[in-house]
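Notes follow once the structure below has been shown.
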Protein chains: 2
Amino acid sequence: MDENQEFISILRAEGLRYTWQRQAIWDEIKSTDEHRDADDIYLSLKQAGKTISRATVYRTIDVLVKYGFIRKLEFGEGRMRLEHKLDPAHHDHLVCENCGRIIEFVDDRIEDLQTAVCQQHGFQLTRHVHQLFARCQAYPDCEYYQSQHR
Amino acid sequence: MDENQEFISILRAEGLRYTWQRQAIWDEIKSTDEHRDADDIYLSLKQAGKTISRATVYRTIDVLVKYGFIRKLEFGEGRMRLEHKLDPAHHDHLVCENCGRIIEFVDDRIEDLQTAVCQQHGFQLTRHVHQLFARCQAYPDCEYYQSQHR
DNA sequence: TTTCTATTGTGAATGAGTCTCAATAATATA
DNA sequence: TATATTATTGAGACTCATTCACAATAGAAA
């Protein structure tokens, strides 16, 4: 099934209504692989002439999270960042503290060791947060940083 | 050198003043191994008759972080939790999503793999956040949970 | 002591996110 | 298609953790 048809039918199946606001917010979040925050989404839509209230943006984000379209991330900045799940593979994040670039990584050995640590304590792992903060090769001069801040 | 002497002399060496408020906040944070938040500290001090403004609590926490006495933690709850560094060994956190219990763990193999992941991307690791959210053995009935909420 | 200025308390401000409620619009039903 | 039902929206008030501005206070140097 077409990805957007699925979006529409999940809403319907859950007794939720299909509105242009929900479609626009989902389209906006899908449109890049960056990890943007709620206000980025709100402002991008506004700039594109689709003004939607902040309340609706936040409410729709929660709907998208609940039905598995997106994921909330928290990098200790005091606000949530978003990530769509079109490519559903699990991954963690490597964040450059200098330029802000975010790289996704997976290491199966780490995944296994996490499960083992939980088992040792008699716990059952439900989810994890694993973030590596680092300096990219270009520190202190970084072309990525330059490109994002001009 | 006595641990508190060191606290006093670091303040002095940095041109900061030694005040009873700073001493009281540091004492309060040192007093347990729990991961409390700023308001817990504020309220505990108040209850002990040492009323210090919230602003001062927050400012002092930043001083304690800056000079390596404590560490800020963020478990996605929208507020910071604190941890003193009297026992300086590095560790990560295993959090029970049911009862809230927090267990500290270290796994050297995970530590090494993290460094390797960074190297593969040409990054230099500066710090990391690794949190395992899990259910403890007692789920859904947990004596720890009972003990904390009555 | 006096002086200098870091620190404090107060209360206002901030910023992300949530809530309330009347108006609106998507969908079910006739 | 018209009408009824009720989920959703927008606006702005509100919350909560944290920060800020500024006048008053109090460490510490001279």
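Every chain in the structure tokens takes a letter, A first, then B, and so on in the order presented; its residues are numbered from 1, and the ligands are numbered from 1 following the presented order.
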Practice task
Apply DSSP to the backbone of this structure and, from chain A, keep only the residues in helix (DSSP H, G or I); write these as a VMD selection string.
Solution key: chain A and resid 3 to 13 20 to 30 38 to 47 54 to 66 108 to 120 143 to 148
Exercise for the section: Restrict the distance test to only C-alpha atoms (C1' of nucleotides), flag each residue of chain C within 9 Å of chain B, and return the flagged residues as number ranges by chain. Expected result: C: 6-10
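Across D:DA30, D:DA2, D:DA7, D:DC20, the tightest approach to chain B is made by D:DC20 when counting only C-alpha atoms (C1' of nucleotides).
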If DSSP is run on the backbone, what residues of chain B are strand (DSSP E or B)? A reply as a PDB file with N, CA, C and O atoms, in the first residue's frame would be ideal.
ATOM      1  N   ASP B  37      16.328  16.085  41.867  1.00  0.00           N
ATOM      2  CA  ASP B  37      16.301  17.265  41.007  1.00  0.00           C
ATOM      3  C   ASP B  37      16.484  18.530  41.842  1.00  0.00           C
ATOM      4  O   ASP B  37      16.521  18.488  43.072  1.00  0.00           O
ATOM      5  N   ILE B  70      29.709  17.679  40.824  1.00  0.00           N
ATOM      6  CA  ILE B  70      28.486  16.940  40.504  1.00  0.00           C
ATOM      7  C   ILE B  70      28.314  16.858  38.989  1.00  0.00           C
ATOM      8  O   ILE B  70      29.083  17.462  38.232  1.00  0.00           O
ATOM      9  N   ARG B  71      27.283  16.151  38.581  1.00  0.00           N
ATOM     10  CA  ARG B  71      27.005  15.911  37.176  1.00  0.00           C
ATOM     11  C   ARG B  71      25.486  16.082  36.996  1.00  0.00           C
ATOM     12  O   ARG B  71      24.726  15.744  37.904  1.00  0.00           O
ATOM     13  N   LYS B  72      25.094  16.624  35.868  1.00  0.00           N
ATOM     14  CA  LYS B  72      23.665  16.730  35.581  1.00  0.00           C
ATOM     15  C   LYS B  72      23.258  15.534  34.730  1.00  0.00           C
ATOM     16  O   LYS B  72      23.972  15.157  33.814  1.00  0.00           O
ATOM     17  N   LEU B  73      22.099  14.977  35.027  1.00  0.00           N
ATOM     18  CA  LEU B  73      21.574  13.867  34.234  1.00  0.00           C
ATOM     19  C   LEU B  73      20.204  14.261  33.714  1.00  0.00           C
ATOM     20  O   LEU B  73      19.502  15.062  34.317  1.00  0.00           O
ATOM     21  N   ARG B  81      18.345  15.933  36.731  1.00  0.00           N
ATOM     22  CA  ARG B  81      18.590  15.255  37.984  1.00  0.00           C
ATOM     23  C   ARG B  81      20.082  15.381  38.250  1.00  0.00           C
ATOM     24  O   ARG B  81      20.862  15.582  37.335  1.00  0.00           O
ATOM     25  N   LEU B  82      20.456  15.268  39.535  1.00  0.00           N
ATOM     26  CA  LEU B  82      21.842  15.486  39.911  1.00  0.00           C
ATOM     27  C   LEU B  82      22.454  14.239  40.506  1.00  0.00           C
ATOM     28  O   LEU B  82      21.750  13.402  41.078  1.00  0.00           O
ATOM     29  N   GLU B  83      23.771  14.187  40.411  1.00  0.00           N
ATOM     30  CA  GLU B  83      24.520  13.047  40.935  1.00  0.00           C
ATOM     31  C   GLU B  83      25.868  13.590  41.412  1.00  0.00           C
ATOM     32  O   GLU B  83      26.529  14.299  40.655  1.00  0.00           O
ATOM     33  N   HIS B  84      26.236  13.304  42.644  1.00  0.00           N
ATOM     34  CA  HIS B  84      27.542  13.793  43.106  1.00  0.00           C
ATOM     35  C   HIS B  84      28.639  12.876  42.583  1.00  0.00           C
ATOM     36  O   HIS B  84      28.363  11.738  42.192  1.00  0.00           O
ATOM     37  N   ASP B  92      27.004   4.250  33.667  1.00  0.00           N
ATOM     38  CA  ASP B  92      25.792   4.652  32.967  1.00  0.00           C
ATOM     39  C   ASP B  92      24.597   4.212  33.814  1.00  0.00           C
ATOM     40  O   ASP B  92      24.794   3.752  34.936  1.00  0.00           O
ATOM     41  N   HIS B  93      23.391   4.399  33.284  1.00  0.00           N
ATOM     42  CA  HIS B  93      22.199   4.177  34.115  1.00  0.00           C
ATOM     43  C   HIS B  93      21.178   3.218  33.516  1.00  0.00           C
ATOM     44  O   HIS B  93      20.855   3.305  32.335  1.00  0.00           O
ATOM     45  N   LEU B  94      20.685   2.391  34.385  1.00  0.00           N
ATOM     46  CA  LEU B  94      19.621   1.438  34.060  1.00  0.00           C
ATOM     47  C   LEU B  94      18.414   1.876  34.891  1.00  0.00           C
ATOM     48  O   LEU B  94      18.473   1.910  36.112  1.00  0.00           O
ATOM     49  N   VAL B  95      17.352   2.280  34.202  1.00  0.00           N
ATOM     50  CA  VAL B  95      16.199   2.875  34.883  1.00  0.00           C
ATOM     51  C   VAL B  95      14.980   1.963  34.760  1.00  0.00           C
ATOM     52  O   VAL B  95      14.606   1.593  33.642  1.00  0.00           O
ATOM     53  N   CYS B  96      14.365   1.618  35.874  1.00  0.00           N
ATOM     54  CA  CYS B  96      13.145   0.804  35.792  1.00  0.00           C
ATOM     55  C   CYS B  96      11.969   1.708  35.441  1.00  0.00           C
ATOM     56  O   CYS B  96      11.664   2.648  36.166  1.00  0.00           O
ATOM     57  N   ILE B 102      16.894   3.462  39.918  1.00  0.00           N
ATOM     58  CA  ILE B 102      17.991   3.721  38.997  1.00  0.00           C
ATOM     59  C   ILE B 102      19.216   2.943  39.450  1.00  0.00           C
ATOM     60  O   ILE B 102      19.668   3.088  40.581  1.00  0.00           O
ATOM     61  N   ILE B 103      19.728   2.104  38.560  1.00  0.00           N
ATOM     62  CA  ILE B 103      20.898   1.300  38.885  1.00  0.00           C
ATOM     63  C   ILE B 103      22.057   1.779  38.019  1.00  0.00           C
ATOM     64  O   ILE B 103      21.869   2.098  36.843  1.00  0.00           O
ATOM     65  N   GLU B 104      23.233   1.883  38.611  1.00  0.00           N
ATOM     66  CA  GLU B 104      24.398   2.329  37.852  1.00  0.00           C
ATOM     67  C   GLU B 104      25.136   1.109  37.322  1.00  0.00           C
ATOM     68  O   GLU B 104      25.268   0.114  38.024  1.00  0.00           O
ATOM     69  N   PHE B 105      25.605   1.196  36.078  1.00  0.00           N
ATOM     70  CA  PHE B 105      26.347   0.062  35.523  1.00  0.00           C
ATOM     71  C   PHE B 105      27.509   0.567  34.663  1.00  0.00           C
ATOM     72  O   PHE B 105      27.510   1.719  34.230  1.00  0.00           O
ATOM     73  N   GLN B 124      36.108  12.274  17.425  1.00  0.00           N
ATOM     74  CA  GLN B 124      36.774  12.036  18.705  1.00  0.00           C
ATOM     75  C   GLN B 124      35.736  12.117  19.813  1.00  0.00           C
ATOM     76  O   GLN B 124      35.142  13.182  20.039  1.00  0.00           O
ATOM     77  N   LEU B 125      35.539  11.027  20.511  1.00  0.00           N
ATOM     78  CA  LEU B 125      34.509  10.958  21.555  1.00  0.00           C
ATOM     79  C   LEU B 125      34.831  11.885  22.720  1.00  0.00           C
ATOM     80  O   LEU B 125      35.938  11.863  23.253  1.00  0.00           O
ATOM     81  N   THR B 126      33.874  12.711  23.125  1.00  0.00           N
ATOM     82  CA  THR B 126      34.108  13.569  24.295  1.00  0.00           C
ATOM     83  C   THR B 126      33.280  13.124  25.494  1.00  0.00           C
ATOM     84  O   THR B 126      33.726  13.181  26.628  1.00  0.00           O
ATOM     85  N   ARG B 127      32.048  12.692  25.243  1.00  0.00           N
ATOM     86  CA  ARG B 127      31.222  12.176  26.329  1.00  0.00           C
ATOM     87  C   ARG B 127      30.098  11.362  25.717  1.00  0.00           C
ATOM     88  O   ARG B 127      29.923  11.387  24.504  1.00  0.00           O
ATOM     89  N   HIS B 128      29.356  10.662  26.556  1.00  0.00           N
ATOM     90  CA  HIS B 128      28.239   9.903  26.005  1.00  0.00           C
ATOM     91  C   HIS B 128      27.101   9.825  27.003  1.00  0.00           C
ATOM     92  O   HIS B 128      27.292  10.071  28.199  1.00  0.00           O
ATOM     93  N   VAL B 129      25.940   9.516  26.499  1.00  0.00           N
ATOM     94  CA  VAL B 129      24.759   9.292  27.332  1.00  0.00           C
ATOM     95  C   VAL B 129      24.274   7.899  26.978  1.00  0.00           C
ATOM     96  O   VAL B 129      24.025   7.616  25.810  1.00  0.00           O
ATOM     97  N   HIS B 130      24.221   7.028  27.953  1.00  0.00           N
ATOM     98  CA  HIS B 130      23.760   5.666  27.683  1.00  0.00           C
ATOM     99  C   HIS B 130      22.795   5.279  28.791  1.00  0.00           C
ATOM    100  O   HIS B 130      23.177   5.109  29.943  1.00  0.00           O
ATOM    101  N   GLN B 131      21.536   5.183  28.423  1.00  0.00           N
ATOM    102  CA  GLN B 131      20.504   4.880  29.413  1.00  0.00           C
ATOM    103  C   GLN B 131      19.691   3.693  28.940  1.00  0.00           C
ATOM    104  O   GLN B 131      19.221   3.665  27.815  1.00  0.00           O
ATOM    105  N   LEU B 132      19.553   2.704  29.822  1.00  0.00           N
ATOM    106  CA  LEU B 132      18.728   1.536  29.505  1.00  0.00           C
ATOM    107  C   LEU B 132      17.441   1.655  30.304  1.00  0.00           C
ATOM    108  O   LEU B 132      17.478   1.806  31.523  1.00  0.00           O
ATOM    109  N   PHE B 133      16.313   1.639  29.607  1.00  0.00           N
ATOM    110  CA  PHE B 133      15.026   1.678  30.293  1.00  0.00           C
ATOM    111  C   PHE B 133      14.474   0.266  30.257  1.00  0.00           C
ATOM    112  O   PHE B 133      14.450  -0.370  29.194  1.00  0.00           O
ATOM    113  N   ALA B 134      14.062  -0.225  31.405  1.00  0.00           N
ATOM    114  CA  ALA B 134      13.708  -1.631  31.509  1.00  0.00           C
ATOM    115  C   ALA B 134      12.656  -1.852  32.582  1.00  0.00           C
ATOM    116  O   ALA B 134      12.223  -0.915  33.240  1.00  0.00           O
ATOM    117  N   ARG B 135      12.238  -3.092  32.709  1.00  0.00           N
ATOM    118  CA  ARG B 135      11.307  -3.447  33.774  1.00  0.00           C
ATOM    119  C   ARG B 135      12.042  -4.356  34.734  1.00  0.00           C
ATOM    120  O   ARG B 135      12.637  -5.352  34.323  1.00  0.00           O
TER     121      ARG B 135
END
Problem - Residue with smallest distance to chain D - pool A:Asn98, A:Gln119, A:Gln114, A:Thr51, counting only C-alpha atoms (C1' of nucleotides) - result: A:Thr51
Counting only C-alpha atoms (C1' of nucleotides), chain D residues within 9 Å of chain A, as a PDB file with all heavy atoms, in the first residue's frame:
ATOM      1  P    DA D   7     -15.681  12.458  19.474  1.00  0.00           P
ATOM      2  OP1  DA D   7     -16.175  11.074  19.388  1.00  0.00           O
ATOM      3  OP2  DA D   7     -15.403  13.104  20.757  1.00  0.00           O
ATOM      4  O5'  DA D   7     -14.373  12.563  18.567  1.00  0.00           O
ATOM      5  C5'  DA D   7     -14.401  12.049  17.248  1.00  0.00           C
ATOM      6  C4'  DA D   7     -13.524  12.908  16.372  1.00  0.00           C
ATOM      7  O4'  DA D   7     -14.169  14.184  16.106  1.00  0.00           O
ATOM      8  C3'  DA D   7     -12.173  13.236  16.968  1.00  0.00           C
ATOM      9  O3'  DA D   7     -11.271  13.177  15.881  1.00  0.00           O
ATOM     10  C2'  DA D   7     -12.333  14.648  17.526  1.00  0.00           C
ATOM     11  C1'  DA D   7     -13.341  15.255  16.559  1.00  0.00           C
ATOM     12  N9   DA D   7     -14.258  16.258  17.122  1.00  0.00           N
ATOM     13  C8   DA D   7     -15.009  16.151  18.256  1.00  0.00           C
ATOM     14  N7   DA D   7     -15.789  17.187  18.486  1.00  0.00           N
ATOM     15  C5   DA D   7     -15.538  18.031  17.412  1.00  0.00           C
ATOM     16  C6   DA D   7     -16.051  19.299  17.053  1.00  0.00           C
ATOM     17  N6   DA D   7     -16.970  19.950  17.757  1.00  0.00           N
ATOM     18  N1   DA D   7     -15.580  19.863  15.923  1.00  0.00           N
ATOM     19  C2   DA D   7     -14.669  19.209  15.202  1.00  0.00           C
ATOM     20  N3   DA D   7     -14.111  18.012  15.429  1.00  0.00           N
ATOM     21  C4   DA D   7     -14.595  17.470  16.562  1.00  0.00           C
ATOM     22  P    DT D   8      -9.719  13.554  16.035  1.00  0.00           P
ATOM     23  OP1  DT D   8      -8.983  12.872  14.937  1.00  0.00           O
ATOM     24  OP2  DT D   8      -9.330  13.381  17.440  1.00  0.00           O
ATOM     25  O5'  DT D   8      -9.737  15.116  15.701  1.00  0.00           O
ATOM     26  C5'  DT D   8     -10.002  15.530  14.366  1.00  0.00           C
ATOM     27  C4'  DT D   8      -9.804  17.023  14.264  1.00  0.00           C
ATOM     28  O4'  DT D   8     -10.829  17.702  15.012  1.00  0.00           O
ATOM     29  C3'  DT D   8      -8.473  17.542  14.787  1.00  0.00           C
ATOM     30  O3'  DT D   8      -7.827  18.150  13.682  1.00  0.00           O
ATOM     31  C2'  DT D   8      -8.847  18.525  15.895  1.00  0.00           C
ATOM     32  C1'  DT D   8     -10.285  18.887  15.543  1.00  0.00           C
ATOM     33  N1   DT D   8     -11.181  19.281  16.662  1.00  0.00           N
ATOM     34  C2   DT D   8     -11.863  20.482  16.576  1.00  0.00           C
ATOM     35  O2   DT D   8     -11.740  21.258  15.652  1.00  0.00           O
ATOM     36  N3   DT D   8     -12.701  20.739  17.640  1.00  0.00           N
ATOM     37  C4   DT D   8     -12.936  19.933  18.735  1.00  0.00           C
ATOM     38  O4   DT D   8     -13.721  20.267  19.605  1.00  0.00           O
ATOM     39  C5   DT D   8     -12.184  18.694  18.760  1.00  0.00           C
ATOM     40  C7   DT D   8     -12.342  17.753  19.910  1.00  0.00           C
ATOM     41  C6   DT D   8     -11.347  18.426  17.737  1.00  0.00           C
ATOM     42  P    DT D   9      -6.421  18.851  13.821  1.00  0.00           P
ATOM     43  OP1  DT D   9      -5.719  18.671  12.522  1.00  0.00           O
ATOM     44  OP2  DT D   9      -5.776  18.446  15.083  1.00  0.00           O
ATOM     45  O5'  DT D   9      -6.855  20.372  13.954  1.00  0.00           O
ATOM     46  C5'  DT D   9      -7.612  20.988  12.919  1.00  0.00           C
ATOM     47  C4'  DT D   9      -8.002  22.388  13.337  1.00  0.00           C
ATOM     48  O4'  DT D   9      -8.898  22.281  14.474  1.00  0.00           O
ATOM     49  C3'  DT D   9      -6.823  23.232  13.809  1.00  0.00           C
ATOM     50  O3'  DT D   9      -6.625  24.293  12.884  1.00  0.00           O
ATOM     51  C2'  DT D   9      -7.240  23.761  15.196  1.00  0.00           C
ATOM     52  C1'  DT D   9      -8.699  23.386  15.313  1.00  0.00           C
ATOM     53  N1   DT D   9      -9.146  22.940  16.655  1.00  0.00           N
ATOM     54  C2   DT D   9     -10.112  23.677  17.307  1.00  0.00           C
ATOM     55  O2   DT D   9     -10.598  24.695  16.864  1.00  0.00           O
ATOM     56  N3   DT D   9     -10.496  23.164  18.529  1.00  0.00           N
ATOM     57  C4   DT D   9     -10.014  22.024  19.139  1.00  0.00           C
ATOM     58  O4   DT D   9     -10.449  21.666  20.230  1.00  0.00           O
ATOM     59  C5   DT D   9      -8.993  21.308  18.410  1.00  0.00           C
ATOM     60  C7   DT D   9      -8.399  20.074  18.987  1.00  0.00           C
ATOM     61  C6   DT D   9      -8.611  21.796  17.213  1.00  0.00           C
ATOM     62  P    DG D  10      -5.319  25.229  12.963  1.00  0.00           P
ATOM     63  OP1  DG D  10      -5.050  25.738  11.603  1.00  0.00           O
ATOM     64  OP2  DG D  10      -4.267  24.535  13.729  1.00  0.00           O
ATOM     65  O5'  DG D  10      -5.883  26.426  13.853  1.00  0.00           O
ATOM     66  C5'  DG D  10      -7.045  27.102  13.443  1.00  0.00           C
ATOM     67  C4'  DG D  10      -7.299  28.275  14.372  1.00  0.00           C
ATOM     68  O4'  DG D  10      -7.821  27.790  15.635  1.00  0.00           O
ATOM     69  C3'  DG D  10      -6.070  29.114  14.726  1.00  0.00           C
ATOM     70  O3'  DG D  10      -6.531  30.460  14.745  1.00  0.00           O
ATOM     71  C2'  DG D  10      -5.657  28.597  16.102  1.00  0.00           C
ATOM     72  C1'  DG D  10      -6.988  28.186  16.717  1.00  0.00           C
ATOM     73  N9   DG D  10      -6.973  27.025  17.608  1.00  0.00           N
ATOM     74  C8   DG D  10      -6.174  25.912  17.518  1.00  0.00           C
ATOM     75  N7   DG D  10      -6.443  25.005  18.431  1.00  0.00           N
ATOM     76  C5   DG D  10      -7.486  25.555  19.171  1.00  0.00           C
ATOM     77  C6   DG D  10      -8.203  25.038  20.283  1.00  0.00           C
ATOM     78  O6   DG D  10      -8.053  23.955  20.857  1.00  0.00           O
ATOM     79  N1   DG D  10      -9.171  25.917  20.736  1.00  0.00           N
ATOM     80  C2   DG D  10      -9.434  27.135  20.176  1.00  0.00           C
ATOM     81  N2   DG D  10     -10.393  27.846  20.748  1.00  0.00           N
ATOM     82  N3   DG D  10      -8.781  27.643  19.123  1.00  0.00           N
ATOM     83  C4   DG D  10      -7.821  26.803  18.676  1.00  0.00           C
ATOM     84  P    DA D  11      -5.515  31.686  14.909  1.00  0.00           P
ATOM     85  OP1  DA D  11      -6.030  32.757  14.032  1.00  0.00           O
ATOM     86  OP2  DA D  11      -4.129  31.202  14.772  1.00  0.00           O
ATOM     87  O5'  DA D  11      -5.754  32.131  16.417  1.00  0.00           O
ATOM     88  C5'  DA D  11      -7.078  32.435  16.838  1.00  0.00           C
ATOM     89  C4'  DA D  11      -7.055  32.731  18.328  1.00  0.00           C
ATOM     90  O4'  DA D  11      -7.144  31.494  19.051  1.00  0.00           O
ATOM     91  C3'  DA D  11      -5.767  33.429  18.797  1.00  0.00           C
ATOM     92  O3'  DA D  11      -6.117  34.660  19.396  1.00  0.00           O
ATOM     93  C2'  DA D  11      -5.118  32.452  19.757  1.00  0.00           C
ATOM     94  C1'  DA D  11      -6.265  31.514  20.146  1.00  0.00           C
ATOM     95  N9   DA D  11      -5.826  30.133  20.343  1.00  0.00           N
ATOM     96  C8   DA D  11      -4.838  29.477  19.663  1.00  0.00           C
ATOM     97  N7   DA D  11      -4.661  28.242  20.053  1.00  0.00           N
ATOM     98  C5   DA D  11      -5.598  28.071  21.052  1.00  0.00           C
ATOM     99  C6   DA D  11      -5.922  26.961  21.875  1.00  0.00           C
ATOM    100  N6   DA D  11      -5.312  25.793  21.785  1.00  0.00           N
ATOM    101  N1   DA D  11      -6.911  27.133  22.774  1.00  0.00           N
ATOM    102  C2   DA D  11      -7.527  28.307  22.858  1.00  0.00           C
ATOM    103  N3   DA D  11      -7.314  29.423  22.137  1.00  0.00           N
ATOM    104  C4   DA D  11      -6.321  29.225  21.244  1.00  0.00           C
TER     105       DA D  11
END
Exercise for the section: Please measure the separation of atom CA of A:Phe7 and atom CA of A:Asp27, giving the value in Å to one decimal. Expected result: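 Those two atoms sit 10.6 Å apart.
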Practice task
Give the answer as one residue: which of B:Phe69, B:Tyr58, B:Phe75, B:Phe123 has the shortest atom-to-atom distance to D:DT18, using only C-alpha atoms (C1' of nucleotides)?
Solution key: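 That would be B:Tyr58, the residue with the smallest distance to D:DT18.
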Practice task
Quote the spacing between atom CA of B:His121 and atom CA of A:Ala89 in Å to one decimal place.
Solution key: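 Between these atoms lies a distance of 19.2 Å.
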Handout entry: All residues 10 Å or closer to C:DC19, only C-alpha atoms (C1' of nucleotides), same chain fewer than 6 positions away omitted, as a list in words
Key = Ala55 of chain A; DA13, DC14 and DT15 of chain D
Handout entry: Two-atom distance - atom C1' of D:DT25, atom CA of B:Ser9 (Å)
Key = 23.0 Å
